[in-house]
>>> print(open('start-v7.cif').read())   # mmCIF, C-alpha atoms
data_run
#
loop_
_atom_site.group_PDB
_atom_site.id
_atom_site.type_symbol
_atom_site.label_atom_id
_atom_site.label_comp_id
_atom_site.auth_asym_id
_atom_site.auth_seq_id
_atom_site.Cartn_x
_atom_site.Cartn_y
_atom_site.Cartn_z
ATOM 1 C CA MET A 932 -36.969 -16.563 -7.628
ATOM 2 C CA THR A 933 -36.598 -15.238 -11.176
ATOM 3 C CA THR A 934 -39.854 -14.408 -12.923
ATOM 4 C CA ILE A 935 -40.330 -14.367 -16.684
ATOM 5 C CA SER A 936 -41.869 -11.228 -18.131
ATOM 6 C CA TRP A 937 -45.085 -11.313 -20.124
ATOM 7 C CA ILE A 938 -43.269 -10.329 -23.320
ATOM 8 C CA ASP A 939 -40.662 -13.070 -22.882
ATOM 9 C CA LEU A 940 -43.434 -15.612 -22.308
ATOM 10 C CA VAL A 941 -45.332 -14.474 -25.392
ATOM 11 C CA GLU A 942 -42.307 -14.564 -27.664
ATOM 12 C CA SER A 943 -41.153 -17.983 -26.510
ATOM 13 C CA ASN A 944 -44.540 -19.698 -26.207
ATOM 14 C CA ALA A 945 -45.953 -18.339 -29.455
ATOM 15 C CA THR A 946 -42.917 -19.638 -31.319
ATOM 16 C CA GLU A 947 -43.090 -23.073 -29.695
ATOM 17 C CA PHE A 948 -46.838 -23.683 -29.439
ATOM 18 C CA GLY A 949 -48.582 -21.163 -31.690
ATOM 19 C CA GLU A 950 -51.077 -18.396 -31.066
ATOM 20 C CA LEU A 951 -53.978 -20.418 -29.668
ATOM 21 C CA VAL A 952 -55.132 -19.439 -26.170
ATOM 22 C CA ALA A 953 -57.101 -22.162 -24.389
ATOM 23 C CA GLY A 954 -60.000 -20.620 -22.535
ATOM 24 C CA ILE A 955 -61.050 -22.166 -19.227
ATOM 25 C CA ASP A 956 -64.719 -21.235 -18.722
ATOM 26 C CA PRO A 957 -66.196 -23.720 -16.212
ATOM 27 C CA TYR A 958 -69.927 -24.006 -16.962
ATOM 28 C CA LEU A 959 -71.328 -27.345 -15.896
ATOM 29 C CA PRO A 960 -74.395 -27.499 -18.228
ATOM 30 C CA GLU A 961 -72.024 -27.528 -21.219
ATOM 31 C CA LEU A 962 -69.625 -30.140 -19.816
ATOM 32 C CA PRO A 963 -69.831 -33.931 -19.636
ATOM 33 C CA ALA A 964 -71.779 -35.156 -16.631
ATOM 34 C CA PHE A 965 -68.919 -37.318 -15.349
ATOM 35 C CA PHE A 966 -67.262 -34.234 -13.869
ATOM 36 C CA ASP A 967 -70.157 -33.968 -11.379
ATOM 37 C CA HIS A 968 -70.322 -37.636 -10.450
ATOM 38 C CA ARG A 969 -69.869 -36.871 -6.748
ATOM 39 C CA GLY A 970 -72.555 -34.182 -6.755
ATOM 40 C CA ASP A 971 -70.775 -32.175 -4.064
ATOM 41 C CA GLY A 972 -69.626 -29.159 -6.073
ATOM 42 C CA SER A 973 -66.082 -30.427 -6.553
ATOM 43 C CA TRP A 974 -66.611 -30.679 -10.317
ATOM 44 C CA ILE A 975 -64.976 -27.309 -10.921
ATOM 45 C CA GLU A 976 -61.647 -28.364 -9.429
ATOM 46 C CA ASP A 977 -61.792 -31.648 -11.345
ATOM 47 C CA TYR A 978 -62.564 -29.887 -14.611
ATOM 48 C CA VAL A 979 -59.778 -27.324 -14.290
ATOM 49 C CA THR A 980 -57.234 -29.998 -13.375
ATOM 50 C CA PHE A 981 -58.409 -32.229 -16.234
ATOM 51 C CA MET A 982 -58.093 -29.480 -18.833
ATOM 52 C CA LEU A 983 -54.706 -28.218 -17.691
ATOM 53 C CA GLU A 984 -53.240 -31.724 -17.541
ATOM 54 C CA LEU A 985 -54.649 -32.468 -20.988
ATOM 55 C CA LEU A 986 -53.383 -29.254 -22.597
ATOM 56 C CA LYS A 987 -49.906 -29.329 -21.092
ATOM 57 C CA GLY A 988 -47.473 -29.385 -23.994
ATOM 58 C CA GLN A 989 -50.280 -28.592 -26.441
ATOM 59 C CA VAL A 990 -50.770 -24.852 -25.938
ATOM 60 C CA GLY A 991 -48.614 -22.089 -24.538
ATOM 61 C CA PHE A 992 -51.388 -19.798 -23.314
ATOM 62 C CA VAL A 993 -54.390 -20.230 -21.065
ATOM 63 C CA LYS A 994 -57.135 -17.732 -20.250
ATOM 64 C CA PHE A 995 -59.304 -18.088 -17.156
ATOM 65 C CA GLN A 996 -62.676 -16.327 -17.333
ATOM 66 C CA SER A 997 -63.026 -14.940 -13.820
ATOM 67 C CA ALA A 998 -66.828 -14.699 -13.854
ATOM 68 C CA TYR A 999 -67.387 -18.445 -14.089
ATOM 69 C CA PHE A 1000 -65.176 -19.053 -11.074
ATOM 70 C CA GLU A 1001 -66.765 -16.248 -9.059
ATOM 71 C CA ALA A 1002 -70.200 -17.715 -9.824
ATOM 72 C CA CYS A 1003 -69.168 -20.884 -7.979
ATOM 73 C CA GLY A 1004 -68.344 -19.018 -4.776
ATOM 74 C CA LEU A 1005 -65.418 -19.872 -2.553
ATOM 75 C CA ARG A 1006 -64.988 -23.247 -4.196
ATOM 76 C CA GLY A 1007 -64.679 -21.540 -7.553
ATOM 77 C CA LEU A 1008 -62.130 -19.019 -6.309
ATOM 78 C CA THR A 1009 -60.100 -21.833 -4.759
ATOM 79 C CA ALA A 1010 -60.172 -23.662 -8.085
ATOM 80 C CA LEU A 1011 -59.084 -20.482 -9.879
ATOM 81 C CA SER A 1012 -56.112 -19.977 -7.595
ATOM 82 C CA ALA A 1013 -55.062 -23.610 -7.929
ATOM 83 C CA GLY A 1014 -55.519 -23.494 -11.695
ATOM 84 C CA ILE A 1015 -53.340 -20.410 -12.019
ATOM 85 C CA GLY A 1016 -50.580 -22.188 -10.117
ATOM 86 C CA GLN A 1017 -50.942 -25.376 -12.152
ATOM 87 C CA ALA A 1018 -50.872 -23.501 -15.464
ATOM 88 C CA LYS A 1019 -47.724 -21.623 -14.463
ATOM 89 C CA ALA A 1020 -46.086 -24.901 -13.444
ATOM 90 C CA ASN A 1021 -46.961 -26.214 -16.914
ATOM 91 C CA GLY A 1022 -45.039 -23.322 -18.457
ATOM 92 C CA MET A 1023 -48.197 -21.700 -19.796
ATOM 93 C CA ALA A 1024 -48.592 -17.925 -19.935
ATOM 94 C CA VAL A 1025 -51.642 -17.109 -17.804
ATOM 95 C CA ILE A 1026 -54.270 -14.520 -18.722
ATOM 96 C CA LEU A 1027 -57.102 -13.615 -16.368
ATOM 97 C CA ASP A 1028 -60.131 -12.318 -18.224
ATOM 98 C CA ALA A 1029 -61.674 -10.105 -15.551
ATOM 99 C CA LYS A 1030 -62.103 -6.810 -17.450
ATOM 100 C CA ARG A 1031 -61.374 -4.742 -14.368
ATOM 101 C CA GLY A 1032 -61.550 -0.969 -14.378
ATOM 102 C CA ASP A 1033 -62.329 1.519 -11.638
ATOM 103 C CA ILE A 1034 -61.119 4.738 -10.085
ATOM 104 C CA GLY A 1035 -58.280 5.498 -7.707
ATOM 105 C CA SER A 1036 -57.659 3.135 -4.832
ATOM 106 C CA THR A 1037 -60.129 0.576 -6.173
ATOM 107 C CA ALA A 1038 -58.170 0.177 -9.404
ATOM 108 C CA ALA A 1039 -54.994 -0.050 -7.335
ATOM 109 C CA ALA A 1040 -56.560 -2.834 -5.270
ATOM 110 C CA TYR A 1041 -57.442 -4.771 -8.415
ATOM 111 C CA ALA A 1042 -53.884 -4.336 -9.664
ATOM 112 C CA ARG A 1043 -52.547 -5.547 -6.333
ATOM 113 C CA ALA A 1044 -54.834 -8.578 -6.421
ATOM 114 C CA TYR A 1045 -53.952 -9.809 -9.916
ATOM 115 C CA LEU A 1046 -50.617 -8.320 -10.970
ATOM 116 C CA THR A 1047 -48.549 -7.788 -7.814
ATOM 117 C CA PRO A 1048 -46.242 -10.580 -6.593
ATOM 118 C CA ALA A 1049 -46.481 -11.676 -2.969
ATOM 119 C CA SER A 1050 -42.938 -10.404 -2.466
ATOM 120 C CA ALA A 1051 -44.160 -6.908 -3.363
ATOM 121 C CA GLY A 1052 -47.295 -6.897 -1.222
ATOM 122 C CA GLY A 1053 -49.782 -8.898 -3.264
ATOM 123 C CA SER A 1054 -51.526 -11.958 -1.869
ATOM 124 C CA GLY A 1055 -50.114 -14.179 -4.612
ATOM 125 C CA ASP A 1056 -53.360 -16.167 -4.692
ATOM 126 C CA PHE A 1057 -54.529 -14.776 -8.031
ATOM 127 C CA GLU A 1058 -51.327 -13.358 -9.513
ATOM 128 C CA VAL A 1059 -51.294 -13.834 -13.274
ATOM 129 C CA ASP A 1060 -49.064 -12.836 -16.161
ATOM 130 C CA CYS A 1061 -51.653 -10.698 -17.933
ATOM 131 C CA LEU A 1062 -55.038 -9.126 -17.148
ATOM 132 C CA THR A 1063 -57.887 -7.768 -19.276
ATOM 133 C CA VAL A 1064 -58.922 -4.241 -18.282
ATOM 134 C CA ALA A 1065 -61.624 -1.741 -19.300
ATOM 135 C CA PRO A 1066 -60.590 1.830 -20.238
ATOM 136 C CA PHE A 1067 -63.957 3.529 -20.592
ATOM 137 C CA MET A 1068 -63.839 5.398 -17.277
ATOM 138 C CA GLY A 1069 -60.746 7.234 -18.509
ATOM 139 C CA PRO A 1070 -56.957 6.855 -18.808
ATOM 140 C CA ASP A 1071 -56.391 7.490 -15.088
ATOM 141 C CA THR A 1072 -58.208 4.244 -14.268
ATOM 142 C CA LEU A 1073 -55.524 2.314 -16.155
ATOM 143 C CA GLU A 1074 -52.583 3.858 -14.343
ATOM 144 C CA PRO A 1075 -52.327 1.349 -11.441
ATOM 145 C CA PHE A 1076 -52.376 -1.539 -13.910
ATOM 146 C CA VAL A 1077 -49.768 0.079 -16.135
ATOM 147 C CA ASP A 1078 -47.566 0.735 -13.097
ATOM 148 C CA CYS A 1079 -47.685 -2.988 -12.251
ATOM 149 C CA SER A 1080 -46.933 -3.884 -15.848
ATOM 150 C CA ARG A 1081 -43.783 -1.796 -15.761
ATOM 151 C CA SER A 1082 -42.717 -2.768 -12.259
ATOM 152 C CA TYR A 1083 -43.308 -6.512 -12.443
ATOM 153 C CA GLY A 1084 -43.152 -7.397 -16.130
ATOM 154 C CA LYS A 1085 -46.884 -7.996 -16.463
ATOM 155 C CA GLY A 1086 -49.130 -7.683 -19.494
ATOM 156 C CA LEU A 1087 -52.454 -5.948 -20.066
ATOM 157 C CA PHE A 1088 -55.166 -6.361 -22.669
ATOM 158 C CA VAL A 1089 -57.224 -3.180 -22.886
ATOM 159 C CA LEU A 1090 -60.739 -3.455 -24.336
ATOM 160 C CA CYS A 1091 -60.670 -1.630 -27.665
ATOM 161 C CA ARG A 1092 -63.127 -3.013 -30.241
ATOM 162 C CA THR A 1093 -64.871 -6.072 -28.858
ATOM 163 C CA SER A 1094 -66.725 -8.892 -30.628
ATOM 164 C CA ASN A 1095 -70.129 -8.682 -28.946
ATOM 165 C CA PRO A 1096 -73.106 -7.587 -31.091
ATOM 166 C CA GLY A 1097 -73.627 -4.339 -29.192
ATOM 167 C CA ALA A 1098 -69.982 -3.227 -29.272
ATOM 168 C CA GLY A 1099 -70.569 -0.559 -31.898
ATOM 169 C CA TRP A 1100 -73.070 1.298 -29.693
ATOM 170 C CA LEU A 1101 -70.133 3.004 -27.961
ATOM 171 C CA GLN A 1102 -66.935 1.825 -29.601
ATOM 172 C CA ASP A 1103 -67.978 2.927 -33.110
ATOM 173 C CA LYS A 1104 -69.276 6.311 -32.006
ATOM 174 C CA VAL A 1105 -67.459 9.379 -33.332
ATOM 175 C CA ALA A 1106 -65.831 11.808 -30.917
ATOM 176 C CA GLY A 1107 -63.568 14.555 -32.200
ATOM 177 C CA ASN A 1108 -63.799 13.222 -35.772
ATOM 178 C CA ARG A 1109 -62.511 9.816 -34.716
ATOM 179 C CA LEU A 1110 -64.106 6.608 -33.495
ATOM 180 C CA ILE A 1111 -63.991 5.841 -29.772
ATOM 181 C CA SER A 1112 -62.092 2.644 -30.584
ATOM 182 C CA GLU A 1113 -59.444 4.705 -32.395
ATOM 183 C CA HIS A 1114 -59.022 6.961 -29.377
ATOM 184 C CA VAL A 1115 -58.538 3.849 -27.241
ATOM 185 C CA ALA A 1116 -56.013 2.438 -29.736
ATOM 186 C CA ASP A 1117 -54.023 5.681 -29.571
ATOM 187 C CA LEU A 1118 -54.049 5.456 -25.786
ATOM 188 C CA ILE A 1119 -52.821 1.853 -25.866
ATOM 189 C CA ALA A 1120 -50.012 2.717 -28.267
ATOM 190 C CA HIS A 1121 -49.016 5.706 -26.151
ATOM 191 C CA ILE A 1122 -48.918 4.029 -22.755
ATOM 192 C CA GLY A 1123 -47.231 0.982 -24.236
ATOM 193 C CA SER A 1124 -44.324 2.880 -25.753
ATOM 194 C CA PRO A 1125 -42.276 4.170 -22.772
ATOM 195 C CA GLN A 1126 -39.586 2.049 -21.184
ATOM 196 C CA GLU A 1127 -39.847 -0.740 -23.738
ATOM 197 C CA GLY A 1128 -36.382 -0.160 -25.128
ATOM 198 C CA ALA A 1129 -35.439 -2.716 -27.778
ATOM 199 C CA GLN A 1130 -38.398 -4.992 -27.066
ATOM 200 C CA ARG A 1131 -40.221 -5.814 -30.246
ATOM 201 C CA LEU A 1132 -43.633 -6.024 -28.610
ATOM 202 C CA SER A 1133 -45.410 -3.830 -26.096
ATOM 203 C CA ALA A 1134 -46.737 -5.312 -22.870
ATOM 204 C CA ILE A 1135 -49.875 -3.169 -23.222
ATOM 205 C CA GLY A 1136 -52.109 -4.906 -25.731
ATOM 206 C CA ALA A 1137 -55.660 -4.660 -27.006
ATOM 207 C CA VAL A 1138 -58.798 -6.770 -27.160
ATOM 208 C CA ILE A 1139 -60.188 -6.603 -30.701
ATOM 209 C CA GLY A 1140 -62.812 -9.024 -31.908
ATOM 210 C CA ALA A 1141 -61.650 -11.197 -34.789
ATOM 211 C CA THR A 1142 -65.050 -10.660 -36.385
ATOM 212 C CA ALA A 1143 -64.498 -6.885 -36.680
ATOM 213 C CA VAL A 1144 -62.360 -7.205 -39.807
ATOM 214 C CA HIS A 1145 -62.460 -3.671 -41.209
ATOM 215 C CA GLU A 1146 -62.185 -1.996 -37.808
ATOM 216 C CA GLY A 1147 -59.433 -4.380 -36.781
ATOM 217 C CA ARG A 1148 -57.271 -3.683 -39.810
ATOM 218 C CA ARG A 1149 -57.436 0.072 -39.121
ATOM 219 C CA LEU A 1150 -56.762 -0.353 -35.406
ATOM 220 C CA ARG A 1151 -53.780 -2.632 -36.024
ATOM 221 C CA GLN A 1152 -52.158 0.183 -38.011
ATOM 222 C CA LEU A 1153 -52.476 2.432 -34.966
ATOM 223 C CA MET A 1154 -50.863 -0.172 -32.691
ATOM 224 C CA PRO A 1155 -48.068 -1.854 -34.687
ATOM 225 C CA ARG A 1156 -46.239 -3.152 -31.610
ATOM 226 C CA SER A 1157 -49.212 -4.162 -29.490
ATOM 227 C CA ILE A 1158 -50.306 -7.726 -28.882
ATOM 228 C CA ILE A 1159 -53.931 -8.196 -29.908
ATOM 229 C CA LEU A 1160 -56.159 -10.670 -28.101
ATOM 230 C CA ALA A 1161 -58.788 -11.517 -30.713
ATOM 231 C CA PRO A 1162 -61.824 -13.537 -29.586
ATOM 232 C CA GLY A 1163 -64.204 -14.809 -32.233
ATOM 233 C CA LEU A 1164 -62.447 -17.777 -33.831
ATOM 234 C CA GLY A 1165 -64.859 -20.658 -34.238
ATOM 235 C CA ALA A 1166 -68.441 -20.238 -33.057
ATOM 236 C CA GLN A 1167 -68.551 -16.467 -33.722
ATOM 237 C CA GLY A 1168 -67.551 -16.916 -37.351
ATOM 238 C CA ALA A 1169 -63.948 -15.719 -37.599
ATOM 239 C CA ASP A 1170 -61.611 -17.857 -39.687
ATOM 240 C CA ALA A 1171 -58.016 -17.868 -40.925
ATOM 241 C CA ALA A 1172 -58.817 -15.211 -43.536
ATOM 242 C CA THR A 1173 -60.492 -12.762 -41.149
ATOM 243 C CA ILE A 1174 -57.842 -13.014 -38.441
ATOM 244 C CA GLY A 1175 -55.177 -12.143 -40.997
ATOM 245 C CA ALA A 1176 -56.336 -8.524 -40.841
ATOM 246 C CA LEU A 1177 -55.204 -8.348 -37.225
ATOM 247 C CA ARG A 1178 -51.710 -9.737 -37.673
ATOM 248 C CA GLY A 1179 -48.738 -7.448 -37.345
ATOM 249 C CA GLN A 1180 -45.078 -7.960 -38.168
ATOM 250 C CA PHE A 1181 -43.970 -9.973 -35.164
ATOM 251 C CA ASP A 1182 -44.531 -13.495 -33.918
ATOM 252 C CA GLY A 1183 -46.773 -13.354 -30.878
ATOM 253 C CA ASP A 1184 -48.482 -10.080 -31.779
ATOM 254 C CA LEU A 1185 -51.827 -11.866 -32.248
ATOM 255 C CA LEU A 1186 -53.288 -14.309 -29.720
ATOM 256 C CA LEU A 1187 -56.498 -16.205 -30.441
ATOM 257 C CA PRO A 1188 -58.598 -17.388 -27.502
ATOM 258 C CA VAL A 1189 -61.035 -20.282 -27.897
ATOM 259 C CA SER A 1190 -63.112 -21.386 -24.918
ATOM 260 C CA ARG A 1191 -66.448 -23.048 -25.615
ATOM 261 C CA GLY A 1192 -65.153 -24.162 -29.004
ATOM 262 C CA LEU A 1193 -62.701 -26.400 -27.172
ATOM 263 C CA SER A 1194 -64.723 -27.599 -24.224
ATOM 264 C CA ALA A 1195 -68.497 -27.344 -24.726
ATOM 265 C CA VAL A 1196 -70.517 -30.447 -25.584
ATOM 266 C CA VAL A 1197 -74.117 -31.173 -26.496
ATOM 267 C CA ASP A 1198 -73.943 -34.833 -25.477
ATOM 268 C CA ARG A 1199 -73.234 -34.728 -21.762
ATOM 269 C CA ASN A 1200 -73.005 -38.529 -21.630
ATOM 270 C CA LEU A 1201 -69.479 -38.599 -23.056
ATOM 271 C CA ASP A 1202 -67.042 -40.547 -20.892
ATOM 272 C CA ALA A 1203 -63.624 -39.209 -19.911
ATOM 273 C CA ASP A 1204 -61.725 -40.898 -22.734
ATOM 274 C CA ALA A 1205 -64.139 -39.688 -25.411
ATOM 275 C CA TYR A 1206 -64.064 -36.158 -24.027
ATOM 276 C CA ARG A 1207 -60.278 -36.173 -23.833
ATOM 277 C CA ASN A 1208 -60.032 -37.191 -27.490
ATOM 278 C CA LEU A 1209 -62.600 -34.580 -28.501
ATOM 279 C CA VAL A 1210 -60.759 -31.725 -26.793
ATOM 280 C CA LEU A 1211 -57.420 -32.799 -28.272
ATOM 281 C CA GLU A 1212 -58.949 -33.025 -31.745
ATOM 282 C CA ARG A 1213 -60.481 -29.577 -31.432
ATOM 283 C CA THR A 1214 -57.224 -28.168 -30.086
ATOM 284 C CA ALA A 1215 -55.276 -29.511 -33.059
ATOM 285 C CA THR A 1216 -57.841 -28.048 -35.471
ATOM 286 C CA PHE A 1217 -57.752 -24.588 -33.921
ATOM 287 C CA LYS A 1218 -53.954 -24.632 -33.787
ATOM 288 C CA LEU A 1219 -53.880 -25.198 -37.528
ATOM 289 C CA LEU A 1220 -56.345 -22.363 -38.099
ATOM 290 C CA SER A 1221 -54.400 -19.969 -35.913
ATOM 291 C CA THR A 1222 -50.855 -20.737 -37.039
ATOM 292 C CA ARG A 1223 -48.965 -17.834 -38.573
ATOM 293 C CA ARG A 1224 -48.029 -18.394 -42.189
ATOM 294 C CA SER A 1225 -44.348 -18.058 -41.370
ATOM 295 C CA GLY A 1226 -44.539 -21.595 -40.033
ATOM 296 C CA LEU A 1227 -42.496 -20.750 -36.956
ATOM 297 C CA ALA A 1228 -45.187 -22.090 -34.663
ATOM 298 C CA ARG A 1229 -45.407 -25.808 -34.673
ATOM 299 C CA THR A 1230 -48.785 -27.376 -35.291
ATOM 300 C CA SER A 1231 -48.418 -30.430 -33.109
ATOM 301 C CA ALA A 1232 -47.021 -30.951 -29.646
#
>>> encode(input="start-v7.cif", output="structure tokens")
Amino acid sequence: MTTISWIDLVESNATEFGELVAGIDPYLPELPAFFDHRGDGSWIEDYVTFMLELLKGQVGFVKFQSAYFEACGLRGLTALSAGIGQAKANGMAVILDAKRGDIGSTAAAYARAYLTPASAGGSGDFEVDCLTVAPFMGPDTLEPFVDCSRSYGKGLFVLCRTSNPGAGWLQDKVAGNRLISEHVADLIAHIGSPQEGAQRLSAIGAVIGATAVHEGRRLRQLMPRSIILAPGLGAQGADAATIGALRGQFDGDLLLPVSRGLSAVVDRNLDADAYRNLVLERTATFKLLSTRRSGLARTSA
């Protein structure tokens, strides 16, 4: 079976569907009550299936937030595995937001769990196209993930300058006359450069909050070929003007995840049809906000 590399998926899906990444964050208190009509815990499978069926042909990228699935126990992990398979069957590029990072054999185990095909010794249950990872224990903790990226055509998003309010406590600290986030950006650019050949983009990308405009513009200059995953569009205040600071020269070099902005509701009494229309309307709005000015990405499915 031929697998498509992360870079090939990004280039093709960004051109066809745009830069919007649909976040799947199953949190029942912010979802319509009809998902839990049976009251037996099966709501999470129903929700994931509903969203992926609805967004098929609308978006080219989906991001599963691992924590929400883990919080639902075995049922949640089963839903995650099934959702990964369904999204791949839809032709979506699949990102797992798990922010893994650890030393030695533990990091290797995480890489085997999420980035290694079954044919190469992985379980296959949670194999995705791209994984978020944390670099703050040192470059050696990234090595198993980078090895999988090179061996199996996978992608990585390395935390660099995040969007949470406390990010500056560490990431904006100065070490050796440079910010921590700049050191991380240099690392990303360095480990993403070997073996890429004529590829326009690097498979080793960065997480940079779309709300960190000034920091983001500087970090983009340090990583001209990296794909940036930029949370913050919508509820956190980023807009078309602020995300422009993070764009590079290539289509697909900026991906914009929206999770609660697509799915969360205040009125939990919405029926399935009303919720379906709401999510589609929000999706269309965010696609317009996130479309590159070149116009290569279409704004409707």
>>> resolve_selection(input="start-v7.cif", expression="the PyMOL selection byres ((chain A and resi 1148-1155) around 8)", output="PyMOL selection string")
chain A and resi 1112-1113+1116-1117+1119-1120+1144-1147+1156-1157+1176-1180
>>> atom_distance(input="start-v7.cif", atom1="atom CA of Pro1096 of chain A", atom2="atom CA of Thr1142 of chain A")
10.1 Å
>>> resolve_selection(input="start-v7.cif", expression="the PyMOL selection byres ((chain A and resi 1026-1033) around 8)", output="list in words")
Phe992, Val993, Lys994, Phe995, Gln996, Ser997, Ala998, Ala1024, Val1025, Ile1034, Gly1035, Thr1037, Ala1038, Tyr1041, Val1059, Asp1060, Cys1061, Leu1062, Thr1063, Val1064, Ala1065, Pro1066, Met1068, Thr1072, Leu1073 and Leu1090 of chain A
>>> closest_residue(input="start-v7.cif", among="A:Leu986, A:Asp956, A:Leu1187, A:Ser1036", to="Leu1011 of chain A", atoms="all atoms listed in the file")
A:Asp956
>>> atom_distance(input="start-v7.cif", atom1="atom CA of Phe1057 of chain A", atom2="atom CA of Ala1042 of chain A")
10.6 Å
>>> atom_distance(input="start-v7.cif", atom1="atom CA of Ile1158 of chain A", atom2="atom CA of Ala1002 of chain A")
29.3 Å
>>> resolve_selection(input="start-v7.cif", expression="the PyMOL selection byres ((chain A and resi 966) around 12)", output="VMD selection string")
chain A and resid 957 to 965 967 to 982 1199 to 1203 1206
>>> write_last_selection(input="start-v7.cif", atoms="C-alpha atoms", output="mmCIF file, in the frame of the given file")
data_model
loop_
_atom_site.group_PDB
_atom_site.id
_atom_site.type_symbol
_atom_site.label_atom_id
_atom_site.label_comp_id
_atom_site.auth_asym_id
_atom_site.auth_seq_id
_atom_site.Cartn_x
_atom_site.Cartn_y
_atom_site.Cartn_z
ATOM 1 C CA PRO A 957 -66.196 -23.720 -16.212
ATOM 2 C CA TYR A 958 -69.927 -24.006 -16.962
ATOM 3 C CA LEU A 959 -71.328 -27.345 -15.896
ATOM 4 C CA PRO A 960 -74.395 -27.499 -18.228
ATOM 5 C CA GLU A 961 -72.024 -27.528 -21.219
ATOM 6 C CA LEU A 962 -69.625 -30.140 -19.816
ATOM 7 C CA PRO A 963 -69.831 -33.931 -19.636
ATOM 8 C CA ALA A 964 -71.779 -35.156 -16.631
ATOM 9 C CA PHE A 965 -68.919 -37.318 -15.349
ATOM 10 C CA ASP A 967 -70.157 -33.968 -11.379
ATOM 11 C CA HIS A 968 -70.322 -37.636 -10.450
ATOM 12 C CA ARG A 969 -69.869 -36.871 -6.748
ATOM 13 C CA GLY A 970 -72.555 -34.182 -6.755
ATOM 14 C CA ASP A 971 -70.775 -32.175 -4.064
ATOM 15 C CA GLY A 972 -69.626 -29.159 -6.073
ATOM 16 C CA SER A 973 -66.082 -30.427 -6.553
ATOM 17 C CA TRP A 974 -66.611 -30.679 -10.317
ATOM 18 C CA ILE A 975 -64.976 -27.309 -10.921
ATOM 19 C CA GLU A 976 -61.647 -28.364 -9.429
ATOM 20 C CA ASP A 977 -61.792 -31.648 -11.345
ATOM 21 C CA TYR A 978 -62.564 -29.887 -14.611
ATOM 22 C CA VAL A 979 -59.778 -27.324 -14.290
ATOM 23 C CA THR A 980 -57.234 -29.998 -13.375
ATOM 24 C CA PHE A 981 -58.409 -32.229 -16.234
ATOM 25 C CA MET A 982 -58.093 -29.480 -18.833
ATOM 26 C CA ARG A 1199 -73.234 -34.728 -21.762
ATOM 27 C CA ASN A 1200 -73.005 -38.529 -21.630
ATOM 28 C CA LEU A 1201 -69.479 -38.599 -23.056
ATOM 29 C CA ASP A 1202 -67.042 -40.547 -20.892
ATOM 30 C CA ALA A 1203 -63.624 -39.209 -19.911
ATOM 31 C CA TYR A 1206 -64.064 -36.158 -24.027
#
